[in-house]
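Data block below; observations after.
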Amino acid sequence: MTAEQKKHNANIMKALLLILAGFVIALFVFRFFAKTYLERVRKAARSDYPDAELVQLDEGASLFPGRVRAVFREPEYGFLFVQDYRREGMKPAAEPAHPDSYSRRLAFRQACDTCIAQIPSYLDAPYLIRYDTDMQGFTVVTQEASPAELNRLLSGLQSQKPDCVLRIGIMSCPEALYSIAEQGDPAAVLCDPRLAIECGTMQQGEVMVLRTCSEGLMQACGGSWHNTLEFDLSDLPDGIPADYSAESDDPECLFAVTELEGMTGQKTAKLRRFRITR
């Protein structure tokens, strides 16, 4: 290789190094301004919702975020909600209400509580309440197993006319499973953004009730548990048949559970029976 070729190659390497250095410097500059902007978003978020806890800021995958999603925890009811901010220059501007906004989730939660207050009129047995992660419904967990009594509770809740249409779930389970559910921690689920915000298609009711008591179930089942659907009957205009029973002859079945699911303002419901095994 001649001296002139070596000099040419050296110049190419210098140019490449300068380009790389420029890219690194630009990256640091971009991230500096992005960090500054995120601090402004954080300040705006705290100003917009001073009583709420800012759980996380999601800036997406872009180098410099054009939109930032703020996730908050509402202190009184404990649910999560979303506020998006778009970038206008270096200033954040609050976007119009998100489907998981504070006002929307609060309205659903208050509608849920309006219905829940009527439960003692339709159910004599003890019960637990587990809210859906999106606040658009709730599940009543009870030891009551009588089809007639469960139908009375379902029809009573479906007759309610809250401001929002709500999903109603009723889970009838044996005493041992009820005790495990009673010790569960629903707040841990409601405060997890991956569950309460990002999993919008997650099945509510059964899945969320069992998730709140998963640690207790694992201990009761010796380290692991399985949930197997036995049947799913839809559109029951007359409720649970009088001769229905959730009992299972399977020796592997630890807990046989009945689940009803309906909506306020509707008369039909889904009846599901599932079993929990090791």
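In the structure tokens, each chain is lettered A, B, ... as it comes, each chain's residues begin at 1, and ligands are numbered from 1 in order of appearance.
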
Discussion item. Considering only strand (DSSP E) as DSSP defines it on the backbone, what residues of stretch 109-158 of chain A qualify? List them as a ChimeraX atom specification.
Written reply: /A:127-131,137-142

Would you save the residues from that selection as a JSON list (two decimals), in the first residue's frame, using all heavy atoms?
[["chain", "number", "residue", "atom", "x", "y", "z"],
["A", 127, "TYR", "N", -70.38, -11.48, 51.49],
["A", 127, "TYR", "CA", -69.84, -11.33, 50.14],
["A", 127, "TYR", "C", -68.62, -10.42, 50.14],
["A", 127, "TYR", "O", -68.39, -9.63, 51.08],
["A", 127, "TYR", "CB", -70.90, -10.77, 49.18],
["A", 127, "TYR", "CG", -71.42, -9.39, 49.55],
["A", 127, "TYR", "CD1", -70.79, -8.24, 49.07],
["A", 127, "TYR", "CD2", -72.52, -9.24, 50.39],
["A", 127, "TYR", "CE1", -71.27, -6.97, 49.39],
["A", 127, "TYR", "CE2", -73.00, -7.99, 50.73],
["A", 127, "TYR", "CZ", -72.38, -6.85, 50.23],
["A", 127, "TYR", "OH", -72.84, -5.61, 50.57],
["A", 128, "LEU", "N", -67.83, -10.53, 49.08],
["A", 128, "LEU", "CA", -66.69, -9.66, 48.82],
["A", 128, "LEU", "C", -66.94, -8.94, 47.50],
["A", 128, "LEU", "O", -67.62, -9.47, 46.62],
["A", 128, "LEU", "CB", -65.39, -10.47, 48.71],
["A", 128, "LEU", "CG", -65.03, -11.42, 49.85],
["A", 128, "LEU", "CD1", -63.83, -12.27, 49.44],
["A", 128, "LEU", "CD2", -64.73, -10.64, 51.13],
["A", 129, "ILE", "N", -66.36, -7.77, 47.36],
["A", 129, "ILE", "CA", -66.46, -7.03, 46.10],
["A", 129, "ILE", "C", -65.07, -6.92, 45.47],
["A", 129, "ILE", "O", -64.11, -6.55, 46.14],
["A", 129, "ILE", "CB", -67.03, -5.61, 46.31],
["A", 129, "ILE", "CG1", -68.46, -5.69, 46.83],
["A", 129, "ILE", "CG2", -66.97, -4.80, 45.02],
["A", 129, "ILE", "CD1", -69.43, -6.35, 45.89],
["A", 130, "ARG", "N", -64.98, -7.25, 44.20],
["A", 130, "ARG", "CA", -63.74, -7.08, 43.44],
["A", 130, "ARG", "C", -64.04, -6.27, 42.19],
["A", 130, "ARG", "O", -64.80, -6.70, 41.32],
["A", 130, "ARG", "CB", -63.14, -8.45, 43.06],
["A", 130, "ARG", "CG", -62.68, -9.26, 44.27],
["A", 130, "ARG", "CD", -61.52, -8.61, 44.98],
["A", 130, "ARG", "NE", -61.06, -9.37, 46.15],
["A", 130, "ARG", "CZ", -61.37, -9.06, 47.40],
["A", 130, "ARG", "NH1", -62.15, -8.03, 47.65],
["A", 130, "ARG", "NH2", -60.88, -9.78, 48.39],
["A", 131, "TYR", "N", -63.47, -5.07, 42.12],
["A", 131, "TYR", "CA", -63.72, -4.19, 40.98],
["A", 131, "TYR", "C", -62.92, -4.65, 39.76],
["A", 131, "TYR", "O", -61.81, -5.16, 39.88],
["A", 131, "TYR", "CB", -63.30, -2.75, 41.32],
["A", 131, "TYR", "CG", -64.15, -2.11, 42.40],
["A", 131, "TYR", "CD1", -63.74, -2.13, 43.73],
["A", 131, "TYR", "CD2", -65.34, -1.47, 42.08],
["A", 131, "TYR", "CE1", -64.51, -1.54, 44.72],
["A", 131, "TYR", "CE2", -66.12, -0.88, 43.07],
["A", 131, "TYR", "CZ", -65.70, -0.92, 44.38],
["A", 131, "TYR", "OH", -66.46, -0.33, 45.36],
["A", 137, "GLY", "N", -67.04, -2.29, 35.88],
["A", 137, "GLY", "CA", -67.87, -3.34, 36.44],
["A", 137, "GLY", "C", -67.27, -3.90, 37.71],
["A", 137, "GLY", "O", -66.24, -3.40, 38.19],
["A", 138, "PHE", "N", -67.89, -4.92, 38.26],
["A", 138, "PHE", "CA", -67.42, -5.51, 39.51],
["A", 138, "PHE", "C", -67.90, -6.95, 39.60],
["A", 138, "PHE", "O", -68.81, -7.37, 38.88],
["A", 138, "PHE", "CB", -67.93, -4.71, 40.72],
["A", 138, "PHE", "CG", -69.43, -4.63, 40.81],
["A", 138, "PHE", "CD1", -70.15, -5.59, 41.53],
["A", 138, "PHE", "CD2", -70.13, -3.61, 40.18],
["A", 138, "PHE", "CE1", -71.52, -5.54, 41.61],
["A", 138, "PHE", "CE2", -71.51, -3.55, 40.25],
["A", 138, "PHE", "CZ", -72.21, -4.51, 40.97],
["A", 139, "THR", "N", -67.29, -7.70, 40.50],
["A", 139, "THR", "CA", -67.69, -9.08, 40.76],
["A", 139, "THR", "C", -68.03, -9.23, 42.24],
["A", 139, "THR", "O", -67.31, -8.73, 43.10],
["A", 139, "THR", "CB", -66.56, -10.05, 40.39],
["A", 139, "THR", "OG1", -66.32, -9.98, 38.98],
["A", 139, "THR", "CG2", -66.92, -11.49, 40.75],
["A", 140, "VAL", "N", -69.14, -9.90, 42.51],
["A", 140, "VAL", "CA", -69.54, -10.23, 43.87],
["A", 140, "VAL", "C", -69.09, -11.66, 44.14],
["A", 140, "VAL", "O", -69.50, -12.59, 43.45],
["A", 140, "VAL", "CB", -71.07, -10.13, 44.05],
["A", 140, "VAL", "CG1", -71.45, -10.38, 45.51],
["A", 140, "VAL", "CG2", -71.58, -8.77, 43.58],
["A", 141, "VAL", "N", -68.25, -11.84, 45.14],
["A", 141, "VAL", "CA", -67.77, -13.17, 45.52],
["A", 141, "VAL", "C", -68.55, -13.60, 46.76],
["A", 141, "VAL", "O", -68.59, -12.87, 47.75],
["A", 141, "VAL", "CB", -66.26, -13.16, 45.83],
["A", 141, "VAL", "CG1", -65.75, -14.57, 46.10],
["A", 141, "VAL", "CG2", -65.48, -12.53, 44.68],
["A", 142, "THR", "N", -69.17, -14.75, 46.69],
["A", 142, "THR", "CA", -70.02, -15.20, 47.80],
["A", 142, "THR", "C", -69.97, -16.72, 47.94],
["A", 142, "THR", "O", -69.62, -17.43, 47.00],
["A", 142, "THR", "CB", -71.49, -14.75, 47.57],
["A", 142, "THR", "OG1", -72.31, -15.24, 48.63],
["A", 142, "THR", "CG2", -72.02, -15.28, 46.26]]

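Between A:Val257 and the candidates A:Val189, A:Ala145, A:Ile240, A:Met208, the tightest atom-to-atom separation, counting only C-alpha atoms, involves A:Ala145.
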
Item to complete: Quick one: everything within 9 Å of A:Lys270, counting only C-alpha atoms, minus sequence neighbours fewer than 2 positions away in the same chain. Send it as a PyMOL selection string.
Response: chain A and resi 232-236+239+259-262+268+272

Worksheet entry | Given only C-alpha atoms as the counted atoms, nearest of A:Ala220, A:Ile170, A:Val207, A:Leu150 to A:Leu254 |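 Closest residue, counting only C-alpha atoms: A:Ala220.
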
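For the set A:Leu106, A:Ile119, A:Met218, A:Ala242, the residue with the smallest atom-to-atom gap to A:Ser146 is A:Ala242, counting only C-alpha atoms.
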
Worksheet item: Could you state the separation of atom CA of A:Cys164 and atom CA of A:Ala111 in Å, given to one decimal place?
Response: 6.2 Å

What residues in stretch 33-125 of chain A get the DSSP label alpha helix (DSSP H)? Please answer as a short mmCIF file (atom, residue, chain, number, x, y, z; two decimals) with C-alpha atoms, in the first residue's frame.
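To be explicit, this is the file written out as selection-v7.cif:
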data_model
loop_
_atom_site.label_atom_id
_atom_site.label_comp_id
_atom_site.auth_asym_id
_atom_site.auth_seq_id
_atom_site.Cartn_x
_atom_site.Cartn_y
_atom_site.Cartn_z
CA PHE A 33 -33.69 18.21 25.76
CA ALA A 34 -35.94 15.14 26.04
CA LYS A 35 -35.11 14.84 29.74
CA THR A 36 -35.79 18.55 30.19
CA TYR A 37 -39.12 18.15 28.40
CA LEU A 38 -40.09 15.15 30.52
CA GLU A 39 -39.47 17.19 33.64
CA ARG A 40 -41.87 19.79 32.25
CA VAL A 41 -44.43 17.06 31.61
CA ARG A 42 -43.96 15.81 35.15
CA LYS A 43 -44.48 19.34 36.49
CA ALA A 44 -47.60 19.83 34.37
CA ALA A 45 -48.99 16.47 35.46
CA ARG A 46 -48.55 17.28 39.13
CA SER A 47 -50.17 20.66 38.57
CA ASP A 48 -53.16 19.16 36.73
CA TYR A 102 -59.88 10.37 35.57
CA SER A 103 -63.41 11.64 34.90
CA ARG A 104 -64.44 8.52 33.00
CA ARG A 105 -63.04 6.06 35.54
CA LEU A 106 -64.49 8.05 38.43
CA ALA A 107 -67.93 8.02 36.80
CA PHE A 108 -67.78 4.23 36.38
CA ARG A 109 -66.52 3.71 39.92
CA GLN A 110 -69.33 5.80 41.38
CA ALA A 111 -71.86 3.92 39.24
CA CYS A 112 -70.42 0.64 40.55
CA ASP A 113 -70.77 1.82 44.13
CA THR A 114 -74.37 2.84 43.51
CA CYS A 115 -75.17 -0.74 42.46
CA ILE A 116 -73.05 -2.33 45.18
#

Fill in: Neighbour list for stretch 243-251 of chain A as a count of residues only, cut-off 9 Å, only C-alpha atoms, skip fewer than 5 positions in-chain
11

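Interatomic distance, atom CA of A:Pro237 to atom CA of A:Gln160: 16.9 Å.
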